[in-house]
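J.: Let me begin by handing over the structure; questions about it come next.
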Amino acid sequence: MADENAEETYDNFEKQAADQAANLVEQLLAALPEPETRNKPDGGLNPVEAARRQPAPQPGFDGTIASFAVNHDVLVPGLYLSRQDGDIATYDLRLVKPNQGGYFSMAAGHSLEHLLATWLRSSAYGRQVVYVGPMGCRTGFYILLRGMKQAAAVSLIREALQAAAAYNGAVPGTASTAECGHVAEHDPAGARQLAETAAALLKDWTAADLVYPA
């Protein structure tokens, strides 16, 4: 009998607590101001919710990606921050002024890619190197680094170029066809010249210079 009374008392207490909680929620909701939704295309949704309800982007060729939005008419050789995706920064190492001729050869760019990738990945920051590769337009390179301050990234890239300019050995990764997809297409001397020119250009470059020219 005592157990039944205790159970009934507990049930009553639980019901009262639930009723009180429901009343409190109603009071809080009633105290909130009504959202002003008129004349708003998103119905007054907060930005996160509004973005969530947007249709997912579809793959295609109509949009303009960030790198194509850079004004290549005013772009000059240098080092720029192309984009930031989380902790990964994409650096634009521009070696040639766009659309003015003087593009580096595929062979020289290929060799410089091997030199920069090898030096950067074997440096103390090797684990933070995501990608190193030439642009298809043959005016520069993209270098992706993870979790590095901009000043440190500028110094690292400058040191890599200086090392490549001073290197006179065989291009890494060209000992056999097993190491490279086009082992016959290399120009070590051309790569050294590119590196020397770029290293001189970045001699006094700082993080403040990473902004694209307007």
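If you're wondering about the labels, chains in the structure tokens are A, B, ... by order shown, residues count from 1 in each chain, ligands from 1 in order shown.
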Would you pick out the contacts of range 63-79 of chain A at 10 Å or less, using only C-alpha atoms, so that residues sharing its chain but fewer than 5 positions from it are not included, and give the list as JSON, numbers by chain?

T.: {"A": [91, 92, 93, 94, 95, 96, 97, 98, 99, 100, 139, 140, 141, 142, 154, 157, 158, 198, 199, 201, 202, 205, 206, 207, 209, 210, 211, 212, 213, 214]}

J.: Would you export the selected residues with N, CA and C atoms as a compact mmCIF listing (two decimals), in the first residue's frame, please?

T.:
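Result file result_9.txt:
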# COMPACT_ATOMS: atom_id res chain seq x y z
N TYR A 91 48.20 30.61 -52.29
CA TYR A 91 49.05 31.73 -52.68
C TYR A 91 49.29 31.71 -54.19
N ASP A 92 49.18 32.88 -54.77
CA ASP A 92 49.39 33.09 -56.20
C ASP A 92 50.80 33.65 -56.37
N LEU A 93 51.71 32.79 -56.81
CA LEU A 93 53.08 33.22 -57.10
C LEU A 93 53.13 33.59 -58.57
N ARG A 94 52.97 34.86 -58.86
CA ARG A 94 52.87 35.32 -60.25
C ARG A 94 54.26 35.70 -60.75
N LEU A 95 54.71 35.02 -61.79
CA LEU A 95 56.06 35.22 -62.31
C LEU A 95 56.10 36.07 -63.58
N VAL A 96 54.98 36.13 -64.29
CA VAL A 96 54.92 36.82 -65.58
C VAL A 96 53.67 37.69 -65.62
N LYS A 97 53.78 38.88 -66.18
CA LYS A 97 52.60 39.73 -66.33
C LYS A 97 51.66 39.10 -67.35
N PRO A 98 50.40 38.91 -66.99
CA PRO A 98 49.46 38.22 -67.88
C PRO A 98 49.26 38.92 -69.22
N ASN A 99 49.09 38.10 -70.24
CA ASN A 99 48.70 38.55 -71.58
C ASN A 99 49.69 39.52 -72.23
N GLN A 100 50.94 39.45 -71.80
CA GLN A 100 51.96 40.33 -72.37
C GLN A 100 53.11 39.56 -72.99
N THR A 139 51.88 31.66 -66.31
CA THR A 139 52.33 32.95 -65.76
C THR A 139 52.67 32.85 -64.28
N GLY A 140 52.44 31.71 -63.68
CA GLY A 140 52.73 31.60 -62.26
C GLY A 140 52.43 30.23 -61.68
N PHE A 141 52.47 30.18 -60.36
CA PHE A 141 52.24 28.94 -59.62
C PHE A 141 51.21 29.18 -58.53
N TYR A 142 50.50 28.13 -58.18
CA TYR A 142 49.67 28.14 -56.98
C TYR A 142 50.37 27.30 -55.92
N VAL A 154 55.21 33.83 -46.56
CA VAL A 154 56.01 34.66 -47.47
C VAL A 154 57.49 34.29 -47.34
N ILE A 157 58.20 30.71 -48.88
CA ILE A 157 58.21 30.69 -50.34
C ILE A 157 59.44 31.40 -50.88
N ARG A 158 59.83 32.50 -50.25
CA ARG A 158 61.04 33.21 -50.67
C ARG A 158 62.27 32.31 -50.51
N ALA A 198 62.19 35.44 -59.44
CA ALA A 198 61.12 35.53 -58.43
C ALA A 198 61.68 35.82 -57.05
N ALA A 199 62.81 35.21 -56.71
CA ALA A 199 63.42 35.44 -55.39
C ALA A 199 63.82 36.90 -55.24
N LEU A 201 62.44 39.40 -56.79
CA LEU A 201 61.20 40.17 -56.72
C LEU A 201 60.63 40.16 -55.30
N LEU A 202 60.75 39.02 -54.62
CA LEU A 202 60.17 38.88 -53.28
C LEU A 202 61.15 39.25 -52.16
N TRP A 205 59.35 41.51 -49.95
CA TRP A 205 57.90 41.28 -49.91
C TRP A 205 57.47 40.94 -48.49
N THR A 206 56.33 41.48 -48.07
CA THR A 206 55.80 41.20 -46.74
C THR A 206 54.34 40.76 -46.85
N ALA A 207 53.78 40.39 -45.72
CA ALA A 207 52.37 39.99 -45.70
C ALA A 207 51.46 41.12 -46.16
N ASP A 209 51.89 42.95 -48.60
CA ASP A 209 51.91 43.03 -50.06
C ASP A 209 51.10 41.92 -50.72
N LEU A 210 50.43 41.10 -49.94
CA LEU A 210 49.73 39.93 -50.48
C LEU A 210 48.39 40.26 -51.13
N VAL A 211 47.98 41.52 -51.07
CA VAL A 211 46.69 41.91 -51.64
C VAL A 211 46.84 42.17 -53.13
N TYR A 212 45.92 41.62 -53.92
CA TYR A 212 45.95 41.84 -55.36
C TYR A 212 45.84 43.33 -55.68
N PRO A 213 46.53 43.81 -56.71
CA PRO A 213 46.37 45.21 -57.10
C PRO A 213 44.96 45.47 -57.60
N ALA A 214 44.44 46.63 -57.29
CA ALA A 214 43.05 46.96 -57.67
C ALA A 214 42.99 47.38 -59.13

J.: Skipping near chain neighbours, those fewer than 2 positions away, what residues fall within 12 Å of Thr174 in chain A using only C-alpha atoms, listed as a list of chain:residue names?

T.: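 The residues satisfying every condition are A:His110, A:Ser111, A:Glu113, A:His114, A:Leu115, A:Thr118, A:Gly169, A:Ala170, A:Val171, A:Pro172, A:Ser176, A:Thr177, A:Ala178, A:Glu179, A:Cys180, A:Gly181, A:His182, A:Val183, A:Ala184, A:Glu185, A:His186, A:Asp187, A:Pro188.
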
J.: Could you give me the residues within range 86-118 of chain A that DSSP places in alpha helix (DSSP H), as a PDB file with N, CA, C and O atoms, in the first residue's frame?

T.:
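Resulting contents of selection_31.pdb:
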ATOM      1  N   MET A 106      56.861  25.200 -70.707  1.00  0.00           N
ATOM      2  CA  MET A 106      56.349  24.061 -69.949  1.00  0.00           C
ATOM      3  C   MET A 106      57.496  23.331 -69.255  1.00  0.00           C
ATOM      4  O   MET A 106      57.366  22.894 -68.112  1.00  0.00           O
ATOM      5  N   ALA A 107      58.624  23.214 -69.946  1.00  0.00           N
ATOM      6  CA  ALA A 107      59.752  22.475 -69.383  1.00  0.00           C
ATOM      7  C   ALA A 107      60.332  23.183 -68.164  1.00  0.00           C
ATOM      8  O   ALA A 107      60.626  22.551 -67.137  1.00  0.00           O
ATOM      9  N   ALA A 108      60.493  24.510 -68.254  1.00  0.00           N
ATOM     10  CA  ALA A 108      61.025  25.263 -67.115  1.00  0.00           C
ATOM     11  C   ALA A 108      60.050  25.226 -65.942  1.00  0.00           C
ATOM     12  O   ALA A 108      60.448  25.044 -64.784  1.00  0.00           O
ATOM     13  N   GLY A 109      58.758  25.396 -66.235  1.00  0.00           N
ATOM     14  CA  GLY A 109      57.754  25.331 -65.175  1.00  0.00           C
ATOM     15  C   GLY A 109      57.694  23.959 -64.533  1.00  0.00           C
ATOM     16  O   GLY A 109      57.517  23.835 -63.315  1.00  0.00           O
ATOM     17  N   HIS A 110      57.858  22.927 -65.349  1.00  0.00           N
ATOM     18  CA  HIS A 110      57.846  21.555 -64.850  1.00  0.00           C
ATOM     19  C   HIS A 110      59.001  21.328 -63.873  1.00  0.00           C
ATOM     20  O   HIS A 110      58.823  20.782 -62.777  1.00  0.00           O
ATOM     21  N   SER A 111      60.183  21.784 -64.258  1.00  0.00           N
ATOM     22  CA  SER A 111      61.347  21.606 -63.383  1.00  0.00           C
ATOM     23  C   SER A 111      61.214  22.424 -62.102  1.00  0.00           C
ATOM     24  O   SER A 111      61.561  21.950 -61.011  1.00  0.00           O
ATOM     25  N   LEU A 112      60.702  23.649 -62.227  1.00  0.00           N
ATOM     26  CA  LEU A 112      60.537  24.473 -61.031  1.00  0.00           C
ATOM     27  C   LEU A 112      59.497  23.862 -60.096  1.00  0.00           C
ATOM     28  O   LEU A 112      59.639  23.929 -58.871  1.00  0.00           O
ATOM     29  N   GLU A 113      58.483  23.243 -60.664  1.00  0.00           N
ATOM     30  CA  GLU A 113      57.494  22.546 -59.836  1.00  0.00           C
ATOM     31  C   GLU A 113      58.168  21.454 -59.005  1.00  0.00           C
ATOM     32  O   GLU A 113      57.936  21.338 -57.796  1.00  0.00           O
ATOM     33  N   HIS A 114      59.013  20.649 -59.634  1.00  0.00           N
ATOM     34  CA  HIS A 114      59.721  19.583 -58.920  1.00  0.00           C
ATOM     35  C   HIS A 114      60.619  20.164 -57.828  1.00  0.00           C
ATOM     36  O   HIS A 114      60.672  19.644 -56.708  1.00  0.00           O
ATOM     37  N   LEU A 115      61.317  21.244 -58.154  1.00  0.00           N
ATOM     38  CA  LEU A 115      62.248  21.840 -57.189  1.00  0.00           C
ATOM     39  C   LEU A 115      61.504  22.433 -55.992  1.00  0.00           C
ATOM     40  O   LEU A 115      61.861  22.182 -54.832  1.00  0.00           O
ATOM     41  N   LEU A 116      60.466  23.218 -56.270  1.00  0.00           N
ATOM     42  CA  LEU A 116      59.727  23.855 -55.177  1.00  0.00           C
ATOM     43  C   LEU A 116      59.008  22.822 -54.314  1.00  0.00           C
ATOM     44  O   LEU A 116      59.036  22.900 -53.076  1.00  0.00           O
ATOM     45  N   ALA A 117      58.365  21.862 -54.966  1.00  0.00           N
ATOM     46  CA  ALA A 117      57.626  20.852 -54.207  1.00  0.00           C
ATOM     47  C   ALA A 117      58.560  20.049 -53.311  1.00  0.00           C
ATOM     48  O   ALA A 117      58.248  19.776 -52.141  1.00  0.00           O
ATOM     49  N   THR A 118      59.721  19.682 -53.850  1.00  0.00           N
ATOM     50  CA  THR A 118      60.670  18.888 -53.063  1.00  0.00           C
ATOM     51  C   THR A 118      61.212  19.686 -51.889  1.00  0.00           C
ATOM     52  O   THR A 118      61.263  19.193 -50.747  1.00  0.00           O
TER      53      THR A 118
END
